[in-house]
$ cat my_file.cif   # mmCIF, C-alpha atoms and all ligand atoms
data_run
#
loop_
_atom_site.label_atom_id
_atom_site.label_comp_id
_atom_site.auth_asym_id
_atom_site.auth_seq_id
_atom_site.Cartn_x
_atom_site.Cartn_y
_atom_site.Cartn_z
CA ILE P 1 4.57 -21.81 -8.47
CA ALA P 2 7.56 -21.94 -10.73
CA ASN P 3 9.46 -18.90 -9.57
CA GLU P 4 9.49 -19.59 -5.83
CA LEU P 5 12.85 -20.87 -4.64
CA VAL P 6 13.07 -24.36 -3.20
CA SER P 7 15.81 -25.98 -1.11
CA ASN P 8 17.15 -29.51 -1.67
CA ASN P 9 14.82 -30.86 0.99
CA GLY P 10 11.75 -29.37 -0.70
CA HIS P 11 11.38 -26.30 1.51
CA LEU P 12 10.33 -22.87 0.31
CA VAL P 13 13.27 -20.46 0.54
CA ILE P 14 12.63 -16.74 1.08
CA GLY P 15 15.45 -14.24 0.71
CA GLY P 16 17.98 -17.04 1.07
CA VAL P 17 16.41 -18.36 4.29
CA ASP P 18 14.58 -21.68 4.72
CA SER P 19 10.97 -20.76 5.54
CA ILE P 20 10.52 -23.82 7.77
CA GLU P 21 13.47 -22.73 9.90
CA LEU P 22 11.77 -19.35 10.25
CA THR P 23 8.57 -20.97 11.56
CA LYS P 24 10.61 -22.95 14.08
CA LYS P 25 12.37 -19.84 15.28
CA TYR P 26 9.47 -17.38 15.33
CA GLY P 27 6.26 -19.47 15.31
CA THR P 28 3.18 -19.02 13.11
CA PRO P 29 1.30 -17.20 11.75
CA LEU P 30 4.30 -15.24 10.58
CA TYR P 31 4.68 -12.47 8.04
CA VAL P 32 7.97 -12.71 6.16
CA PHE P 33 9.27 -9.99 3.85
CA ASP P 34 12.03 -10.46 1.32
CA VAL P 35 13.57 -6.99 1.57
CA SER P 36 15.59 -7.36 -1.62
CA GLU P 37 12.32 -7.65 -3.54
CA ILE P 38 11.16 -4.36 -2.02
CA ARG P 39 14.38 -2.65 -3.03
CA SER P 40 14.24 -4.10 -6.51
CA GLN P 41 10.68 -2.85 -7.09
CA ILE P 42 11.70 0.67 -6.03
CA ARG P 43 14.66 0.53 -8.40
CA LYS P 44 12.40 -0.54 -11.27
CA PHE P 45 10.28 2.57 -10.75
CA LYS P 46 13.37 4.77 -10.51
CA SER P 47 14.99 3.44 -13.64
CA ALA P 48 11.72 3.72 -15.58
CA PHE P 49 11.62 7.44 -14.78
CA GLU P 50 15.30 7.86 -15.53
CA ASN P 51 15.04 6.02 -18.85
CA ASN P 52 12.27 8.40 -19.84
CA ASP P 53 14.11 11.46 -18.71
CA LEU P 54 11.42 12.70 -16.34
CA LYS P 55 11.99 14.56 -13.12
CA TYR P 56 10.28 12.41 -10.52
CA GLN P 57 9.72 11.44 -6.96
CA ILE P 58 8.56 8.09 -5.62
CA SER P 59 6.52 8.38 -2.48
CA TYR P 60 5.80 5.02 -0.86
CA ALA P 61 2.14 4.93 0.27
CA SER P 62 2.87 3.55 3.68
CA LYS P 63 -0.73 2.57 4.50
CA ALA P 64 0.13 -0.64 2.63
CA PHE P 65 2.58 -1.59 5.38
CA ALA P 66 3.60 0.88 8.06
CA ILE P 67 6.11 -0.25 10.65
CA LYS P 68 9.38 1.33 11.76
CA ALA P 69 11.54 -1.12 9.82
CA ILE P 70 9.84 -0.44 6.48
CA TYR P 71 10.24 3.31 6.96
CA GLN P 72 13.93 2.63 7.58
CA VAL P 73 14.17 0.67 4.33
CA MET P 74 12.51 3.60 2.52
CA LYS P 75 15.01 5.95 4.10
CA GLN P 76 17.86 3.73 2.88
CA GLU P 77 16.39 3.77 -0.62
CA SER P 78 16.09 7.59 -0.46
CA VAL P 79 12.43 7.69 -1.46
CA HIS P 80 9.62 9.79 -0.03
CA ILE P 81 6.68 8.37 1.91
CA ASP P 82 2.98 9.14 2.24
CA VAL P 83 1.30 8.98 5.62
CA VAL P 84 -2.43 9.25 6.28
CA SER P 85 -2.69 9.57 10.03
CA GLY P 86 -0.95 10.85 13.12
CA GLY P 87 -0.10 7.22 13.90
CA GLU P 88 1.73 6.65 10.62
CA LEU P 89 3.47 10.00 10.96
CA TYR P 90 4.52 9.14 14.51
CA THR P 91 5.85 5.74 13.44
CA ALA P 92 7.83 7.25 10.56
CA LEU P 93 9.36 9.89 12.83
CA GLN P 94 10.18 7.26 15.46
CA ALA P 95 11.96 5.33 12.71
CA GLY P 96 14.14 8.36 12.03
CA PHE P 97 12.53 9.03 8.66
CA PRO P 98 13.24 12.64 7.49
CA SER P 99 10.07 14.72 7.81
CA SER P 100 10.92 16.77 4.72
CA LYS P 101 10.27 13.66 2.62
CA ILE P 102 6.83 12.98 4.12
CA SER P 103 3.56 13.78 2.35
CA PHE P 104 0.53 13.91 4.62
CA HIS P 105 -2.76 12.67 3.11
CA GLY P 106 -6.29 12.11 4.35
CA ASN P 107 -9.87 13.25 3.84
CA ASN P 108 -10.45 14.20 7.46
CA LYS P 109 -7.16 15.12 9.07
CA THR P 110 -7.90 16.30 12.57
CA PHE P 111 -6.77 19.60 14.03
CA GLU P 112 -4.27 17.71 16.21
CA GLU P 113 -2.90 15.78 13.23
CA LEU P 114 -2.43 18.98 11.23
CA VAL P 115 -0.68 20.63 14.18
CA MET P 116 1.60 17.61 14.44
CA ALA P 117 2.37 17.75 10.70
CA VAL P 118 3.14 21.49 10.85
CA LYS P 119 5.26 21.25 14.02
CA ASN P 120 7.30 18.46 12.46
CA HIS P 121 7.64 20.35 9.18
CA VAL P 122 6.44 17.59 6.88
CA GLY P 123 7.47 18.06 3.25
CA VAL P 124 3.96 18.55 1.94
CA ILE P 125 0.37 18.40 3.13
CA ILE P 126 -1.99 17.13 0.47
CA ILE P 127 -5.13 19.13 1.09
CA ASP P 128 -8.37 17.29 0.52
CA ASN P 129 -11.23 19.66 1.36
CA PHE P 130 -12.31 23.18 2.35
CA TYR P 131 -12.51 22.44 6.06
CA GLU P 132 -8.87 21.41 5.94
CA ILE P 133 -7.85 24.64 4.19
CA GLU P 134 -9.54 26.54 6.98
CA LEU P 135 -7.94 24.50 9.79
CA LEU P 136 -4.49 24.58 8.25
CA SER P 137 -4.67 28.28 7.50
CA ARG P 138 -5.54 28.98 11.14
CA ILE P 139 -2.73 26.75 12.46
CA LEU P 140 -0.11 28.33 10.18
CA LYS P 141 -1.15 31.81 11.20
CA THR P 142 -1.12 31.10 14.93
CA ASP P 143 2.14 29.17 14.83
CA HIS P 144 3.86 31.58 12.38
CA GLU P 145 4.70 28.68 10.11
CA LYS P 146 4.75 28.13 6.36
CA ILE P 147 4.19 24.84 4.61
CA ASN P 148 4.13 23.19 1.17
CA VAL P 149 0.75 21.93 0.05
CA MET P 150 -0.76 20.14 -2.92
CA LEU P 151 -4.42 20.01 -3.80
CA ARG P 152 -6.06 16.64 -4.17
CA LEU P 153 -8.37 16.77 -7.17
CA THR P 154 -11.11 14.32 -8.11
CA PRO P 155 -10.53 14.02 -11.84
CA GLY P 156 -13.74 12.19 -12.74
CA ILE P 157 -11.96 9.04 -13.91
CA SER P 158 -13.09 5.70 -12.55
CA ALA P 159 -10.62 2.90 -12.59
CA HIS P 160 -11.70 -0.65 -13.30
CA THR P 161 -11.19 -2.26 -9.94
CA HIS P 162 -13.24 -3.28 -6.88
CA LYS P 163 -15.60 -0.47 -5.90
CA TYR P 164 -14.00 -0.11 -2.46
CA ASP P 165 -10.74 0.51 -4.30
CA GLN P 166 -12.01 3.28 -6.61
CA THR P 167 -11.32 6.83 -5.59
CA GLY P 168 -11.15 8.99 -8.72
CA GLN P 169 -14.81 9.07 -9.76
CA THR P 170 -16.82 12.24 -9.13
CA ASP P 171 -18.92 10.63 -6.41
CA SER P 172 -16.00 9.97 -4.08
CA LYS P 173 -15.30 11.12 -0.54
CA PHE P 174 -11.83 12.27 -1.56
CA GLY P 175 -10.63 15.53 -3.03
CA PHE P 176 -11.96 18.63 -4.77
CA ASP P 177 -14.32 18.02 -7.66
CA VAL P 178 -13.01 19.54 -10.87
CA GLY P 179 -16.35 19.63 -12.68
CA SER P 180 -18.27 21.93 -10.36
CA GLY P 181 -15.83 24.76 -9.71
CA GLN P 182 -14.73 23.38 -6.31
CA ALA P 183 -11.17 22.96 -7.48
CA ASP P 184 -10.97 26.57 -8.71
CA LYS P 185 -12.32 27.87 -5.45
CA ALA P 186 -9.80 25.79 -3.47
CA MET P 187 -6.97 26.88 -5.75
CA LYS P 188 -7.81 30.52 -5.16
CA GLN P 189 -7.97 30.13 -1.40
CA VAL P 190 -4.62 28.37 -1.24
CA LEU P 191 -2.87 30.77 -3.62
CA ASP P 192 -4.16 33.69 -1.54
CA ASP P 193 -2.82 32.25 1.70
CA PRO P 194 0.67 33.69 2.28
CA ASN P 195 1.64 30.76 4.54
CA MET P 196 0.90 28.03 2.02
CA HIS P 197 3.17 27.26 -0.90
CA LEU P 198 1.22 25.40 -3.57
CA LYS P 199 3.70 22.84 -4.82
CA GLY P 200 1.39 21.02 -7.18
CA ILE P 201 -1.75 19.08 -7.91
CA HIS P 202 -2.58 15.53 -6.96
CA ALA P 203 -5.02 12.84 -8.02
CA HIS P 204 -5.37 9.16 -7.26
CA ILE P 205 -7.77 7.00 -9.26
CA GLY P 206 -7.82 3.78 -7.27
CA SER P 207 -5.92 0.70 -6.26
CA GLN P 208 -4.98 -2.65 -7.87
CA ILE P 209 -5.48 -1.16 -11.34
CA PHE P 210 -4.51 -3.07 -14.46
CA GLY P 211 -3.69 -1.56 -17.82
CA THR P 212 -2.13 1.80 -18.52
CA GLN P 213 -5.23 3.51 -19.87
CA GLY P 214 -6.53 4.93 -16.58
CA PHE P 215 -3.12 6.47 -15.90
CA THR P 216 -2.60 7.96 -19.35
CA MET P 217 -6.11 9.44 -19.14
CA LEU P 218 -5.17 10.85 -15.77
CA ALA P 219 -1.92 12.34 -17.05
CA ASP P 220 -3.87 14.02 -19.87
CA LYS P 221 -6.48 15.30 -17.47
CA MET P 222 -3.86 16.73 -15.12
CA VAL P 223 -2.20 18.64 -17.96
CA GLU P 224 -5.58 19.94 -19.06
CA LEU P 225 -6.21 21.11 -15.49
CA ALA P 226 -2.74 22.65 -15.20
CA LYS P 227 -3.42 24.64 -18.37
CA HIS P 228 -6.75 25.75 -16.97
CA PHE P 229 -5.10 26.89 -13.73
CA GLN P 230 -2.48 28.73 -15.74
CA ARG P 231 -5.17 30.63 -17.64
CA GLU P 232 -7.28 31.32 -14.54
CA PHE P 233 -4.61 31.96 -11.93
CA ASN P 234 -1.34 32.20 -13.80
CA TYR P 235 -0.30 29.14 -11.82
CA TRP P 236 1.75 26.29 -13.30
CA PRO P 237 2.36 23.29 -11.00
CA GLU P 238 5.90 22.38 -10.05
CA VAL P 239 4.64 18.83 -9.42
CA ILE P 240 1.93 16.63 -10.87
CA ASN P 241 1.23 13.80 -8.46
CA LEU P 242 -0.51 10.85 -10.14
CA GLY P 243 -1.14 8.82 -6.98
CA GLY P 244 -0.63 5.06 -6.75
CA GLY P 245 -2.69 2.01 -7.53
CA PHE P 246 -0.46 -0.03 -9.83
CA GLY P 247 -1.84 -3.56 -9.91
CA ILE P 248 0.21 -6.62 -9.01
CA SER P 249 -0.33 -10.23 -9.89
CA TYR P 250 -1.85 -12.20 -7.03
CA THR P 251 -2.84 -15.09 -9.30
CA LYS P 252 -1.99 -16.31 -12.78
CA ASP P 253 -5.07 -14.50 -14.12
CA ASP P 254 -3.74 -11.06 -13.14
CA ASP P 255 -1.74 -9.26 -15.79
CA PRO P 256 0.09 -6.37 -14.12
CA ILE P 257 1.64 -3.47 -15.98
CA SER P 258 5.37 -3.01 -16.02
CA ALA P 259 6.77 0.20 -14.55
CA ASP P 260 8.66 0.81 -17.80
CA GLU P 261 5.60 0.55 -19.98
CA PHE P 262 3.41 2.65 -17.75
CA ILE P 263 5.93 5.40 -17.08
CA GLY P 264 6.96 5.42 -20.73
CA LYS P 265 3.38 6.10 -21.76
CA ILE P 266 2.92 8.84 -19.20
CA ALA P 267 6.16 10.49 -20.27
CA ASN P 268 4.91 10.49 -23.87
CA GLU P 269 1.59 12.05 -22.95
CA LEU P 270 3.17 14.75 -20.83
CA LYS P 271 5.87 15.65 -23.34
CA LYS P 272 3.29 15.84 -26.14
CA ALA P 273 0.96 18.01 -24.11
CA CYS P 274 3.25 20.62 -22.55
CA ASP P 275 6.64 22.28 -22.92
CA ASN P 276 7.33 22.79 -19.28
CA VAL P 277 6.75 19.24 -17.99
CA PRO P 278 6.28 19.30 -14.22
CA GLU P 279 8.05 16.88 -11.92
CA VAL P 280 6.00 13.65 -11.75
CA TRP P 281 5.32 12.07 -8.37
CA ILE P 282 3.81 8.64 -7.89
CA GLU P 283 2.61 6.98 -4.70
CA PRO P 284 2.91 3.22 -5.04
CA GLY P 285 2.01 1.19 -1.97
CA ARG P 286 0.94 -2.31 -2.95
CA SER P 287 3.32 -2.71 -5.88
CA ILE P 288 6.32 -2.00 -3.64
CA VAL P 289 5.52 -4.33 -0.76
CA ALA P 290 2.91 -6.92 -1.81
CA PRO P 291 5.11 -9.27 -3.88
CA ALA P 292 7.80 -9.26 -1.18
CA GLY P 293 5.45 -10.58 1.52
CA TYR P 294 4.62 -14.17 2.53
CA THR P 295 2.37 -15.32 5.36
CA LEU P 296 3.36 -18.63 6.92
CA TYR P 297 0.70 -20.64 8.74
CA THR P 298 0.57 -24.01 10.43
CA ILE P 299 -2.01 -26.35 8.95
CA GLY P 300 -4.35 -27.87 11.56
CA SER P 301 -7.78 -29.42 11.19
CA ARG P 302 -9.38 -30.71 8.03
CA LYS P 303 -13.03 -31.25 7.27
CA ASP P 304 -14.06 -33.58 4.44
CA ILE P 305 -17.64 -33.40 3.19
CA PRO P 306 -18.95 -36.02 0.75
CA GLU P 307 -18.82 -34.69 -2.81
CA LYS P 308 -17.68 -31.26 -1.67
CA ILE P 309 -14.33 -29.58 -1.52
CA SER P 310 -12.57 -30.19 1.80
CA TYR P 311 -11.75 -27.40 4.25
CA LEU P 312 -8.14 -27.22 5.33
CA SER P 313 -7.73 -24.85 8.28
CA VAL P 314 -4.73 -22.78 9.25
CA ASP P 315 -3.82 -21.00 12.51
CA GLY P 316 -4.54 -17.48 11.18
CA GLY P 317 -7.02 -15.97 8.75
CA MET P 318 -9.03 -12.79 8.47
CA GLY P 319 -7.26 -11.24 11.47
CA ASP P 320 -3.95 -11.20 9.60
CA ASN P 321 -5.43 -10.89 6.10
CA ILE P 322 -8.87 -9.30 5.82
CA ARG P 323 -8.62 -8.86 2.04
CA PRO P 324 -10.32 -12.09 0.90
CA ALA P 325 -13.30 -11.48 3.23
CA LEU P 326 -13.53 -7.75 2.51
CA TYR P 327 -12.79 -7.58 -1.23
CA GLN P 328 -13.07 -11.20 -2.39
CA ALA P 329 -9.34 -10.84 -3.02
CA LYS P 330 -7.62 -13.87 -4.54
CA TYR P 331 -4.31 -15.35 -3.38
CA GLU P 332 -2.21 -18.37 -4.14
CA ALA P 333 -0.41 -20.58 -1.65
CA VAL P 334 2.13 -23.35 -1.47
CA VAL P 335 2.83 -25.98 1.16
CA ALA P 336 6.20 -24.69 2.20
CA ASN P 337 7.66 -27.98 3.53
CA LYS P 338 6.40 -30.06 0.57
CA MET P 339 7.42 -27.98 -2.42
CA ASP P 340 8.76 -31.12 -4.13
CA GLN P 341 5.55 -33.15 -3.79
CA PRO P 342 2.85 -33.53 -6.42
CA LEU P 343 -0.34 -31.50 -6.07
CA THR P 344 -3.03 -34.10 -5.49
CA GLN P 345 -6.15 -32.22 -4.51
CA THR P 346 -8.09 -28.97 -4.36
CA VAL P 347 -9.10 -27.58 -0.96
CA HIS P 348 -10.61 -24.49 0.60
CA ILE P 349 -8.04 -22.77 2.80
CA ALA P 350 -9.98 -21.72 5.89
CA GLY P 351 -8.93 -19.39 8.66
CA LYS P 352 -9.54 -20.01 12.36
CA TYR P 353 -11.86 -17.07 13.01
CA CYS P 354 -15.52 -17.58 13.94
CA GLU P 355 -16.92 -16.39 10.63
CA SER P 356 -18.01 -18.51 7.67
CA GLY P 357 -16.51 -15.81 5.46
CA ASP P 358 -13.06 -16.43 6.91
CA ILE P 359 -11.79 -18.33 3.87
CA LEU P 360 -8.32 -17.22 2.77
CA ILE P 361 -8.35 -19.06 -0.56
CA ASP P 362 -11.47 -20.47 -2.14
CA GLN P 363 -9.74 -23.18 -4.17
CA GLN P 364 -6.11 -24.11 -3.85
CA ARG P 365 -4.27 -27.11 -5.28
CA VAL P 366 -2.12 -28.77 -2.58
CA PRO P 367 -0.18 -32.00 -2.07
CA ASP P 368 -1.32 -34.52 0.57
CA THR P 369 -1.04 -32.64 3.85
CA ASN P 370 -0.82 -33.44 7.55
CA PRO P 371 -1.41 -31.28 10.59
CA GLY P 372 1.81 -29.40 11.28
CA ASP P 373 2.62 -28.76 7.63
CA ILE P 374 3.34 -25.13 6.79
CA LEU P 375 1.23 -23.19 4.31
CA ALA P 376 2.74 -20.09 2.71
CA VAL P 377 0.28 -17.62 1.21
CA LEU P 378 2.10 -15.53 -1.39
CA ASP P 379 2.11 -11.80 -2.15
CA THR P 380 0.63 -10.80 1.21
CA GLY P 381 2.98 -7.87 1.83
CA ALA P 382 0.41 -5.10 1.28
CA TYR P 383 -2.64 -4.37 3.39
CA GLY P 384 -2.13 -7.53 5.44
CA TYR P 385 -0.27 -6.54 8.58
CA SER P 386 -1.46 -2.95 8.17
CA MET P 387 -5.11 -4.06 8.33
CA ALA P 388 -4.54 -6.75 10.97
CA MET P 389 -6.85 -6.90 13.98
CA ASN P 390 -7.55 -8.83 17.13
CA TYR P 391 -10.94 -10.36 16.32
CA ASN P 392 -11.65 -13.32 18.60
CA ARG P 393 -8.78 -11.96 20.69
CA ASN P 394 -6.18 -13.54 18.49
CA PRO P 395 -2.81 -11.85 19.02
CA ARG P 396 -1.34 -10.23 15.93
CA ALA P 397 1.41 -12.15 14.15
CA ALA P 398 5.10 -11.29 14.18
CA VAL P 399 6.95 -9.80 11.20
CA VAL P 400 10.37 -10.94 10.03
CA PHE P 401 12.55 -9.33 7.38
CA VAL P 402 14.92 -11.54 5.38
CA GLU P 403 17.65 -10.44 3.04
CA ASN P 404 20.79 -12.16 1.72
CA GLY P 405 20.29 -15.23 3.87
CA GLN P 406 19.83 -13.27 7.12
CA ASP P 407 16.61 -12.97 9.13
CA LYS P 408 15.65 -10.21 11.53
CA LEU P 409 12.54 -9.93 13.71
CA VAL P 410 11.05 -6.46 13.11
CA VAL P 411 7.69 -6.74 14.88
CA LYS P 412 7.29 -8.99 17.90
CA ARG P 413 4.35 -11.36 18.13
CA GLU P 414 1.59 -9.97 20.31
CA THR P 415 1.09 -11.86 23.56
CA TYR P 416 -2.05 -12.58 25.57
CA GLN P 417 -0.75 -10.01 28.08
CA ASP P 418 -0.59 -7.43 25.28
CA LEU P 419 -4.22 -8.17 24.50
CA THR P 420 -5.37 -7.15 27.97
CA SER P 421 -2.79 -4.42 28.53
CA LEU P 422 -5.25 -1.60 27.77
CA ASP P 423 -8.24 -3.24 29.48
CA LEU P 424 -9.30 -1.88 32.87
CA ASP P 425 -11.29 -3.62 35.60
CA TYR P 426 -14.89 -2.75 36.30
N1 LIG M 501 -2.15 7.29 -2.88
C1 LIG M 501 -3.37 7.48 -2.37
C2 LIG M 501 -3.89 8.85 -2.27
C3 LIG M 501 -4.13 6.39 -1.95
O1 LIG M 501 -5.34 6.60 -1.46
C4 LIG M 501 -3.61 5.08 -2.05
C5 LIG M 501 -4.36 3.93 -1.61
C6 LIG M 501 -2.32 4.93 -2.59
C7 LIG M 501 -1.62 6.05 -3.00
C8 LIG M 501 -1.65 3.60 -2.73
O2 LIG M 501 -2.33 2.70 -3.55
P1 LIG M 501 -1.63 1.30 -3.94
O3 LIG M 501 -0.43 1.61 -4.80
O4 LIG M 501 -1.26 0.62 -2.68
O5 LIG M 501 -2.70 0.56 -4.67
N2 LIG M 501 -6.96 -1.76 1.52
C9 LIG M 501 -7.14 -1.86 0.08
C10 LIG M 501 -6.39 -0.78 -0.65
C11 LIG M 501 -6.77 0.59 -0.23
C12 LIG M 501 -5.98 1.63 -0.97
C13 LIG M 501 -6.25 2.97 -0.43
N3 LIG M 501 -5.48 4.00 -1.02
C14 LIG M 501 -6.73 -3.23 -0.38
O6 LIG M 501 -6.26 -4.01 0.46
O7 LIG M 501 -6.88 -3.58 -1.55
#

$ encode --input "my_file.cif" --output "structure tokens"
Amino acid sequence: IANELVSNNGHLVIGGVDSIELTKKYGTPLYVFDVSEIRSQIRKFKSAFENNDLKYQISYASKAFAIKAIYQVMKQESVHIDVVSGGELYTALQAGFPSSKISFHGNNKTFEELVMAVKNHVGVIIIDNFYEIELLSRILKTDHEKINVMLRLTPGISAHTHKYDQTGQTDSKFGFDVGSGQADKAMKQVLDDPNMHLKGIHAHIGSQIFGTQGFTMLADKMVELAKHFQREFNYWPEVINLGGGFGISYTKDDDPISADEFIGKIANELKKACDNVPEVWIEPGRSIVAPAGYTLYTIGSRKDIPEKISYLSVDGGMGDNIRPALYQAKYEAVVANKMDQPLTQTVHIAGKYCESGDILIDQQRVPDTNPGDILAVLDTGAYGYSMAMNYNRNPRAAVVFVENGQDKLVVKRETYQDLTSLDLDY
């Protein structure tokens, strides 16, 4: 991997810190985030909007990685965030993140979650369905509160990505269908509610999307819808929210879109299609945090099978990264203490969980390895820690932030005592 930094003694360097020193200090498996990469990705999005002279807002989709420290980084970078649960909202508030910059998403927000969002005056609630309109309307009336809302629309565009990662097609659990009159009905109900201020319209077509076509189609569709709402309801959105889903490159085969190219194209479409261009919001999750994340593992056992690819096992796996097992997601890895050694063989990188499907990387080129060597899987910053679990009662890994040669523990490693802390005797 050409662009990973290497020290004189052949060690992978992350954010100016020797990765092997990190494993000595904090143990493995260990998630490491290079915070400067997170900041630089946010700045790329910002400058793309600024270069194209669009009013904008970047709202980090925090489901990708939701811990106090990342909310604090987002606060420092003055961006907005999306949350999708009371738990994410709670974490963001605990981190001191300003509630006015929080958008609350979800296809089945509970009564309690909506009450929590209203009481904390979140910036906007992105309404997904009729039941939610009813619940929210009742809460606002009883609590004498007003709130900003957006409507999540299902634009009928399917993105080319894994089917679990598609959300914009008509047959989706999310949002109001625009083809069947649902969206009009929702629009009317919200506009008629004196306690809701309809700030704009939202759509999200999927995740890990390549190419700009899906997004330009979406921008067109949103303008078409805005014009329809203007004719029907004399309503013009202040904000068009185009969701997230910008693909990143996990392997050499992935060809991600640049923020400049994609935002440039959207700006063109919008300026062509309307005079009064609304503010454009995007909700990137993966593209902000994935490339900044590394997972460090200790290599343990090896199984060689005649005429087959050998299995090289590490001390983590599907519990810290479910994506290969769940989506056949591809990753690349390096042996972090042997960056200067020739790659001599291809192996399967296996996890330690009791599942045949717990294979982190199907085929990876590696140098000659020994137990105790450190494997670094790259680009694991999104949907790794946030989807982590305790299968086989493995404690969840620690998280360390590095920046400018400094390292800081931001999530402690779970202990065996933590694992039983909620269990009760019977
Ligand atoms: N906005 C909305 C409304 C979303 O539903 C999502 C992702 C995003 C933004 C952020 O998408 P991103 O920029 O991160 O692609 N666990 C899956 C991804 C699920 C994405 C769900 N929604 C994975 O690991 O691939």

$ residues_around --input "my_file.cif" --residues "segment 94-101 of chain P" --least-positions-apart "3" --cutoff "12 Å" --atoms "all atoms listed in the file" --output "MDAnalysis selection string"
chainID P and resid 57:60 66:83 86:91 104 116:125 147:148 410

$ axis_aligned_box --input "my_file.cif" --around "ligand LIG 501 (chain M)" --padding-each-side "4 Å" --output "AutoDock Vina command-line options"
--center_x -3.8 --center_y 2.4 --center_z -1.6 --size_x 14.7 --size_y 20.9 --size_z 14.3

$ residues_near_point --input "my_file.cif" --point "(-3.0, 33.0, 2.1)" --cutoff "12 Å" --atoms "only C-alpha atoms" --output "PDB file with C-alpha atoms, in the coordinates of the input"
ATOM      1  CA  ILE P 133      -7.850  24.640   4.190  1.00  0.00           C
ATOM      2  CA  GLU P 134      -9.540  26.540   6.980  1.00  0.00           C
ATOM      3  CA  LEU P 136      -4.490  24.580   8.250  1.00  0.00           C
ATOM      4  CA  SER P 137      -4.670  28.280   7.500  1.00  0.00           C
ATOM      5  CA  ARG P 138      -5.540  28.980  11.140  1.00  0.00           C
ATOM      6  CA  LEU P 140      -0.110  28.330  10.180  1.00  0.00           C
ATOM      7  CA  LYS P 141      -1.150  31.810  11.200  1.00  0.00           C
ATOM      8  CA  GLU P 145       4.700  28.680  10.110  1.00  0.00           C
ATOM      9  CA  LYS P 146       4.750  28.130   6.360  1.00  0.00           C
ATOM     10  CA  ILE P 147       4.190  24.840   4.610  1.00  0.00           C
ATOM     11  CA  VAL P 149       0.750  21.930   0.050  1.00  0.00           C
ATOM     12  CA  ALA P 186      -9.800  25.790  -3.470  1.00  0.00           C
ATOM     13  CA  MET P 187      -6.970  26.880  -5.750  1.00  0.00           C
ATOM     14  CA  LYS P 188      -7.810  30.520  -5.160  1.00  0.00           C
ATOM     15  CA  GLN P 189      -7.970  30.130  -1.400  1.00  0.00           C
ATOM     16  CA  VAL P 190      -4.620  28.370  -1.240  1.00  0.00           C
ATOM     17  CA  LEU P 191      -2.870  30.770  -3.620  1.00  0.00           C
ATOM     18  CA  ASP P 192      -4.160  33.690  -1.540  1.00  0.00           C
ATOM     19  CA  ASP P 193      -2.820  32.250   1.700  1.00  0.00           C
ATOM     20  CA  PRO P 194       0.670  33.690   2.280  1.00  0.00           C
ATOM     21  CA  ASN P 195       1.640  30.760   4.540  1.00  0.00           C
ATOM     22  CA  MET P 196       0.900  28.030   2.020  1.00  0.00           C
ATOM     23  CA  HIS P 197       3.170  27.260  -0.900  1.00  0.00           C
ATOM     24  CA  LEU P 198       1.220  25.400  -3.570  1.00  0.00           C
TER      25      LEU P 198
END

$ residues_around --input "my_file.cif" --residues "Asp275 of chain P" --least-positions-apart "5" --cutoff "12 Å" --atoms "all atoms listed in the file" --output "ChimeraX atom specification"
/P:223,227,236,268-270

$ write_last_selection --input "my_file.cif" --atoms "C-alpha atoms" --output "tab-separated table (two decimals), in the coordinates of the input"
chain	number	residue	atom	x	y	z
P	223	VAL	CA	-2.20	18.64	-17.96
P	227	LYS	CA	-3.42	24.64	-18.37
P	236	TRP	CA	1.75	26.29	-13.30
P	268	ASN	CA	4.91	10.49	-23.87
P	269	GLU	CA	1.59	12.05	-22.95
P	270	LEU	CA	3.17	14.75	-20.83

$ closest_residue --input "my_file.cif" --among "P:Gln364, P:Asn9, P:Ser62, P:Asn404" --to "Gly381 of chain P" --atoms "all atoms listed in the file"
P:Ser62

$ residues_around --input "my_file.cif" --residues "segment 341-350 of chain P" --least-positions-apart "2" --cutoff "10 Å" --atoms "only C-alpha atoms" --output "PyMOL selection string"
chain P and resi 10+299+301-304+308-318+333-335+337-339+352-353+355-369+375+377

$ residues_near_ligand --input "my_file.cif" --ligand "ligand LIG 501 (chain M)" --cutoff "6 Å" --atoms "all atoms listed in the file" --output "list of chain:residue names"
P:Ala61, P:Ala64, P:Asp165, P:His204, P:Ser207, P:Gln208, P:Gly243, P:Gly244, P:Gly245, P:Phe246, P:Glu283, P:Pro284, P:Gly285, P:Arg286, P:Ser287, P:Arg323, P:Tyr383

$ residues_near_point --input "my_file.cif" --point "(9.8, 0.4, -10.0)" --cutoff "9 Å" --atoms "only C-alpha atoms" --output "PyMOL selection string"
chain P and resi 39-49+58+258-260+284+287-288

$ closest_residue --input "my_file.cif" --among "P:Leu30, P:Ile263, P:Ala329, P:Met387" --to "Tyr294 of chain P" --atoms "only C-alpha atoms"
P:Leu30

$ atom_distance --input "my_file.cif" --atom1 "atom CA of Asp255 of chain P" --atom2 "atom CA of Thr212 of chain P"
11.4 Å

$ residues_around --input "my_file.cif" --residues "Glu403 of chain P" --least-positions-apart "3" --cutoff "9 Å" --atoms "only C-alpha atoms" --output "VMD selection string"
chain P and resid 14 to 17 33 to 37 406 to 408

$ closest_residue --input "my_file.cif" --among "P:Lys412, P:Pro395, P:Lys265, P:Asn321" --to "Asn52 of chain P" --atoms "all atoms listed in the file"
P:Lys265

$ closest_residue --input "my_file.cif" --among "P:Gly351, P:Pro155, P:Gly372, P:Pro237" --to "Thr298 of chain P" --atoms "only C-alpha atoms"
P:Gly372

$ closest_residue --input "my_file.cif" --among "P:Thr23, P:Gln230, P:Thr28, P:Ser7" --to "Asp184 of chain P" --atoms "all atoms listed in the file"
P:Gln230
